[in-house]
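Structure record follows, encoded as structure tokens.
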Amino acid sequence: MFFDFSSVQAIAYRILMNGVRNNKCSHAYLINTNGYNKGFDFAKAFAKVLLCSNGSDECNCSVCASVDNDVCPDLKVINCDGLWIKKEQMDDLQAEFSMKSVSSNRKVYIINGAHNLNASASNSILKFLEEPEEGIVAILVTDNIYNVLGTIVSRCQVINLNNSDTYSDSMIVNVANKLYDESGKIDSFINDSDSLDKIDHIISFIKYLDSNGLDTMLYINDLWNKYISKDDYIFAFDIMLMYYNDVISYKLNNRVILTEYNDDITRFSSYDLSYIMKRINLIIELKNRIYSNVNSALLMDKLIIGMEGLK
Ligand SMILES: [Zn+2]
């Protein structure tokens, strides 16, 4: 629901809803996320308001449901195809939208990662923005507005999101927000008295593995005894990813989520960036295998041996 953003992104929310309520929507918005990690969700929730038959920010009509289920014919989302958003993707979009222009419905397209438009795609979108068609709204999302073509920026209403309020003082709240999308899951993680222990357990494992290498295999049963179910494993791998992403963030801008492990993260930040990236890629690759029911002992062996192989 777009209403969910009414306090975290109060200014942006108010500007956009005022436009809707006063029937003064722009034909193109550029959402500058400033690193806020739910920028795309924000854009999609706003698109839902634009498409909703009631123009509501808290609604469950059939159109809203179709947006939630990614089957709304009047909403098109464009993501990177590889490294870039390509001209063919823009051409497809324009063809699709002009074909349906007989219907009276509003149509919305979201370009997620507008800084990734390559030169020809930028030119193509520019033409689209210069001659706005009635009822078509563009929402561009970027976390890097300086890499969006100036002529594109100048044709959009720029909406700045704030990132300063998205981090709480409580580590557990930040971890929960990062791990889960649903408020039910977020709350139960925050209120579970075991959550901090579970995080601590994984961080201890990461540190043990880092200092002891292959010897970790000998003690894996003791180190890893709490982890049994598929969900446990996914959680564990997510915390490992969070930890290594924190190491990178620490190197780049000093901001981390796992604040209670600042000292460890600082120590790991002496590794070079490409080495940390390799570790992250290994963890992502192995995490994907959890979904395909890999044998868990084998998975941990691969992690330990893989980490050692990167050294
Ligand atoms: Zn609705």
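Residues in the structure tokens are numbered from 1 in each chain, the chains being A, B, ... in the order shown, and ligands are numbered from 1 in the order shown.
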Quick one: contact table of chain A to ligand 1, 8 Å max, nearest atom pair and distance in Å to one decimal per residue, counting only C-alpha atoms and all ligand atoms, chain and number order, as CSV?
```
residue,atom,partner,partner_atom_place_in_ligand_line,distance
A:Lys48,CA,ligand 1,1 (Zn),7.2
A:Val49,CA,ligand 1,1 (Zn),6.9
A:Leu51,CA,ligand 1,1 (Zn),7.4
A:Cys52,CA,ligand 1,1 (Zn),3.8
A:Ser53,CA,ligand 1,1 (Zn),5.3
A:Asn54,CA,ligand 1,1 (Zn),5.4
A:Gly55,CA,ligand 1,1 (Zn),6.5
A:Ser56,CA,ligand 1,1 (Zn),5.9
A:Asp57,CA,ligand 1,1 (Zn),7.7
A:Glu58,CA,ligand 1,1 (Zn),7.4
A:Cys59,CA,ligand 1,1 (Zn),4.4
A:Asn60,CA,ligand 1,1 (Zn),5.1
A:Cys61,CA,ligand 1,1 (Zn),4.1
A:Ser62,CA,ligand 1,1 (Zn),6.6
A:Val63,CA,ligand 1,1 (Zn),5.6
A:Cys64,CA,ligand 1,1 (Zn),4.3
A:Ala65,CA,ligand 1,1 (Zn),7.5
```
Output for the residues just chosen: N, CA and C atoms as a PDB file, in the first residue's frame:
```
ATOM      1  N   LYS A  48       0.261   1.921  -8.371  1.00  0.00           N
ATOM      2  CA  LYS A  48      -1.014   1.288  -8.023  1.00  0.00           C
ATOM      3  C   LYS A  48      -2.085   2.346  -7.740  1.00  0.00           C
ATOM      4  N   VAL A  49      -1.688   3.416  -7.063  1.00  0.00           N
ATOM      5  CA  VAL A  49      -2.647   4.507  -6.805  1.00  0.00           C
ATOM      6  C   VAL A  49      -3.110   5.112  -8.136  1.00  0.00           C
ATOM      7  N   LEU A  51      -3.313   3.727 -10.977  1.00  0.00           N
ATOM      8  CA  LEU A  51      -4.124   2.798 -11.770  1.00  0.00           C
ATOM      9  C   LEU A  51      -5.430   2.419 -11.074  1.00  0.00           C
ATOM     10  N   CYS A  52      -5.462   2.522  -9.758  1.00  0.00           N
ATOM     11  CA  CYS A  52      -6.603   2.071  -8.952  1.00  0.00           C
ATOM     12  C   CYS A  52      -7.894   2.742  -9.416  1.00  0.00           C
ATOM     13  N   SER A  53      -8.942   1.932  -9.490  1.00  0.00           N
ATOM     14  CA  SER A  53     -10.212   2.487  -9.953  1.00  0.00           C
ATOM     15  C   SER A  53     -10.783   3.483  -8.939  1.00  0.00           C
ATOM     16  N   ASN A  54     -10.289   3.421  -7.689  1.00  0.00           N
ATOM     17  CA  ASN A  54     -10.757   4.370  -6.686  1.00  0.00           C
ATOM     18  C   ASN A  54      -9.734   5.480  -6.401  1.00  0.00           C
ATOM     19  N   GLY A  55      -8.599   5.440  -7.089  1.00  0.00           N
ATOM     20  CA  GLY A  55      -7.549   6.428  -6.839  1.00  0.00           C
ATOM     21  C   GLY A  55      -7.091   6.418  -5.393  1.00  0.00           C
ATOM     22  N   SER A  56      -7.098   5.228  -4.782  1.00  0.00           N
ATOM     23  CA  SER A  56      -6.853   5.147  -3.337  1.00  0.00           C
ATOM     24  C   SER A  56      -5.458   4.618  -3.030  1.00  0.00           C
ATOM     25  N   ASP A  57      -4.922   5.038  -1.883  1.00  0.00           N
ATOM     26  CA  ASP A  57      -3.614   4.541  -1.468  1.00  0.00           C
ATOM     27  C   ASP A  57      -3.727   3.377  -0.495  1.00  0.00           C
ATOM     28  N   GLU A  58      -4.958   2.940  -0.213  1.00  0.00           N
ATOM     29  CA  GLU A  58      -5.159   1.757   0.647  1.00  0.00           C
ATOM     30  C   GLU A  58      -6.358   1.013   0.101  1.00  0.00           C
ATOM     31  N   CYS A  59      -6.178   0.233  -0.928  1.00  0.00           N
ATOM     32  CA  CYS A  59      -7.343  -0.309  -1.608  1.00  0.00           C
ATOM     33  C   CYS A  59      -7.070  -1.742  -2.030  1.00  0.00           C
ATOM     34  N   ASN A  60      -8.130  -2.508  -2.159  1.00  0.00           N
ATOM     35  CA  ASN A  60      -7.981  -3.900  -2.602  1.00  0.00           C
ATOM     36  C   ASN A  60      -8.880  -4.198  -3.796  1.00  0.00           C
ATOM     37  N   CYS A  61      -9.127  -3.206  -4.625  1.00  0.00           N
ATOM     38  CA  CYS A  61      -9.988  -3.451  -5.781  1.00  0.00           C
ATOM     39  C   CYS A  61      -9.287  -4.410  -6.749  1.00  0.00           C
ATOM     40  N   SER A  62      -9.980  -4.827  -7.779  1.00  0.00           N
ATOM     41  CA  SER A  62      -9.398  -5.835  -8.665  1.00  0.00           C
ATOM     42  C   SER A  62      -8.161  -5.299  -9.388  1.00  0.00           C
ATOM     43  N   VAL A  63      -8.152  -4.003  -9.690  1.00  0.00           N
ATOM     44  CA  VAL A  63      -6.972  -3.437 -10.354  1.00  0.00           C
ATOM     45  C   VAL A  63      -5.777  -3.483  -9.398  1.00  0.00           C
ATOM     46  N   CYS A  64      -6.000  -3.056  -8.158  1.00  0.00           N
ATOM     47  CA  CYS A  64      -4.921  -3.081  -7.166  1.00  0.00           C
ATOM     48  C   CYS A  64      -4.385  -4.507  -6.997  1.00  0.00           C
ATOM     49  N   ALA A  65      -5.313  -5.471  -6.949  1.00  0.00           N
ATOM     50  CA  ALA A  65      -4.889  -6.867  -6.798  1.00  0.00           C
ATOM     51  C   ALA A  65      -4.061  -7.306  -8.005  1.00  0.00           C
TER      52      ALA A  65
END
```
**Prompt:** What does the distance from atom CA of A:Val158 to atom CA of A:Arg14 come to in Å, to one decimal?
**Reply:** 13.7 Å
Based on the backbone DSSP call, show me all residues of stretch 79-142 of chain A assigned strand (DSSP E or B), as a PDB file with C-alpha atoms, in the first residue's frame.
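Produced file part13.pdb, reproduced below:
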```
ATOM      1  CA  ASP A  81      18.606  -6.634 -19.380  1.00  0.00           C
ATOM      2  CA  TRP A  84      21.835  -1.980 -19.435  1.00  0.00           C
ATOM      3  CA  ILE A  85      18.308  -1.084 -20.286  1.00  0.00           C
ATOM      4  CA  LYS A 107      -1.219   3.325 -18.233  1.00  0.00           C
ATOM      5  CA  VAL A 108       1.954   3.437 -16.196  1.00  0.00           C
ATOM      6  CA  TYR A 109       5.433   2.249 -16.915  1.00  0.00           C
ATOM      7  CA  ILE A 110       8.243   2.032 -14.391  1.00  0.00           C
ATOM      8  CA  ILE A 111      11.846   2.128 -15.481  1.00  0.00           C
ATOM      9  CA  ASN A 112      13.746   0.611 -12.616  1.00  0.00           C
ATOM     10  CA  LEU A 117      19.541   3.293 -19.792  1.00  0.00           C
ATOM     11  CA  ILE A 136       0.464   7.463 -19.980  1.00  0.00           C
ATOM     12  CA  VAL A 137       2.580   8.071 -16.891  1.00  0.00           C
ATOM     13  CA  ALA A 138       6.278   7.299 -16.644  1.00  0.00           C
ATOM     14  CA  ILE A 139       7.939   6.559 -13.323  1.00  0.00           C
ATOM     15  CA  LEU A 140      11.706   6.375 -13.494  1.00  0.00           C
ATOM     16  CA  VAL A 141      13.590   5.100 -10.474  1.00  0.00           C
ATOM     17  CA  THR A 142      17.264   5.688  -9.862  1.00  0.00           C
TER      18      THR A 142
END
```
**Prompt:** Neighbours of stretch 28-39 of chain A within 8 Å (only C-alpha atoms; same-chain residues fewer than 2 positions away dropped), as a list in words?
**Reply:** Ser26, Asp41, Phe42, Ala43, Leu129, Val137, Ala138, Ile139, Leu140, Val141, Thr142, Asp143, Asn144, Ile145, Val153, Arg155, Cys156, Gln157, Val158, Ile159, Asn160, Leu161, Asn162, Asn163 and Thr166 of chain A
Export of prior selection with C-alpha atoms as a CSV table (one decimal), in the first residue's frame:
```
chain,number,residue,atom,x,y,z
A,26,SER,CA,2.7,14.7,-13.9
A,41,ASP,CA,8.4,-0.7,-4.0
A,42,PHE,CA,7.6,2.9,-3.4
A,43,ALA,CA,7.3,3.5,-7.2
A,129,LEU,CA,8.8,12.0,-22.7
A,137,VAL,CA,2.6,8.1,-16.9
A,138,ALA,CA,6.3,7.3,-16.6
A,139,ILE,CA,7.9,6.6,-13.3
A,140,LEU,CA,11.7,6.4,-13.5
A,141,VAL,CA,13.6,5.1,-10.5
A,142,THR,CA,17.3,5.7,-9.9
A,143,ASP,CA,19.7,5.6,-7.0
A,144,ASN,CA,22.2,7.5,-9.1
A,145,ILE,CA,20.6,10.6,-10.6
A,153,VAL,CA,15.8,14.6,-15.7
A,155,ARG,CA,11.5,16.4,-18.4
A,156,CYS,CA,10.5,14.7,-15.2
A,157,GLN,CA,9.1,15.8,-11.9
A,158,VAL,CA,11.9,14.7,-9.5
A,159,ILE,CA,10.8,13.2,-6.3
A,160,ASN,CA,13.6,12.8,-3.7
A,161,LEU,CA,13.3,10.0,-1.2
A,162,ASN,CA,15.1,10.3,2.1
A,163,ASN,CA,17.4,7.7,3.5
A,166,THR,CA,15.3,4.4,7.2
```
For stretch 238-249 of chain A, list every protein, DNA or RNA residue within 10 Å, evaluated using only C-alpha atoms, and leave out those in the same chain fewer than 6 positions away; present the list as a PDB file with C-alpha atoms, in the first residue's frame.
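Now in selection.pdb:
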```pdb
ATOM      1  CA  VAL A 175      18.119  -6.486  10.235  1.00  0.00           C
ATOM      2  CA  LYS A 178      16.359  -5.900   5.475  1.00  0.00           C
ATOM      3  CA  LEU A 179      15.438  -9.582   5.705  1.00  0.00           C
ATOM      4  CA  LYS A 198      20.789 -16.455  15.984  1.00  0.00           C
ATOM      5  CA  ILE A 199      22.582 -13.522  14.380  1.00  0.00           C
ATOM      6  CA  ASP A 200      25.450 -13.868  16.826  1.00  0.00           C
ATOM      7  CA  ILE A 202      26.255 -16.856  12.311  1.00  0.00           C
ATOM      8  CA  ILE A 203      28.727 -14.034  12.857  1.00  0.00           C
ATOM      9  CA  PHE A 205      30.766 -18.900  12.357  1.00  0.00           C
ATOM     10  CA  ILE A 206      31.935 -16.345   9.775  1.00  0.00           C
ATOM     11  CA  ASP A 232      17.310 -21.789   8.948  1.00  0.00           C
ATOM     12  CA  ARG A 255      27.425   2.671   7.149  1.00  0.00           C
ATOM     13  CA  VAL A 256      26.584  -0.767   8.384  1.00  0.00           C
ATOM     14  CA  ILE A 257      23.460  -2.662   9.413  1.00  0.00           C
ATOM     15  CA  LEU A 258      25.100  -5.091  11.833  1.00  0.00           C
ATOM     16  CA  THR A 259      26.222  -2.233  14.063  1.00  0.00           C
ATOM     17  CA  TYR A 261      29.690  -6.123  15.030  1.00  0.00           C
ATOM     18  CA  ASN A 262      31.395  -2.936  13.991  1.00  0.00           C
ATOM     19  CA  ASP A 264      34.681  -7.307  13.279  1.00  0.00           C
ATOM     20  CA  ILE A 265      33.433  -5.537  10.178  1.00  0.00           C
ATOM     21  CA  THR A 266      36.208  -2.968  10.469  1.00  0.00           C
ATOM     22  CA  ARG A 267      38.755  -5.759  10.705  1.00  0.00           C
ATOM     23  CA  PHE A 268      37.356  -7.539   7.614  1.00  0.00           C
ATOM     24  CA  SER A 269      37.400  -4.275   5.690  1.00  0.00           C
ATOM     25  CA  SER A 270      41.168  -4.582   5.334  1.00  0.00           C
ATOM     26  CA  TYR A 271      40.508  -7.254   2.679  1.00  0.00           C
ATOM     27  CA  ASP A 272      40.360  -5.834  -0.799  1.00  0.00           C
ATOM     28  CA  LEU A 273      37.049  -5.201  -2.479  1.00  0.00           C
ATOM     29  CA  SER A 274      37.337  -7.823  -5.220  1.00  0.00           C
ATOM     30  CA  ILE A 276      35.083  -9.641  -0.618  1.00  0.00           C
ATOM     31  CA  MET A 277      32.985  -9.619  -3.792  1.00  0.00           C
ATOM     32  CA  ARG A 279      33.100 -14.277  -1.130  1.00  0.00           C
ATOM     33  CA  ILE A 280      29.713 -12.657  -1.648  1.00  0.00           C
ATOM     34  CA  ASN A 281      29.301 -14.347  -5.026  1.00  0.00           C
ATOM     35  CA  LEU A 282      30.151 -17.708  -3.514  1.00  0.00           C
ATOM     36  CA  ILE A 283      27.571 -17.247  -0.764  1.00  0.00           C
ATOM     37  CA  ILE A 284      24.911 -16.183  -3.289  1.00  0.00           C
ATOM     38  CA  LYS A 287      22.319 -19.919  -1.215  1.00  0.00           C
TER      39      LYS A 287
END
```
**Item:** Distance query A:Leu93 at most 12 Å, only C-alpha atoms, self and fewer than 2 positions along chain excluded, as a ChimeraX atom specification
**Value:** /A:73-79,85-91,95-100,107-111,121,124-125,128,136,138
**Asked** When you draw a straight line from atom CA of A:Asn23 to atom CA of A:Glu134, how long is it in Å?
**Response**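 Atom CA of A:Glu134 lies 13.4 Å from atom CA of A:Asn23.
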**Asked** How would you write, as a PyMOL selection string, the set of residues in stretch 27-233 of chain A that DSSP gives as alpha helix (DSSP H)?
**Response** chain A and resi 39-51+62-68+87-99+119-130+150-153+171-179+183-191+195-212+220-223+230-233
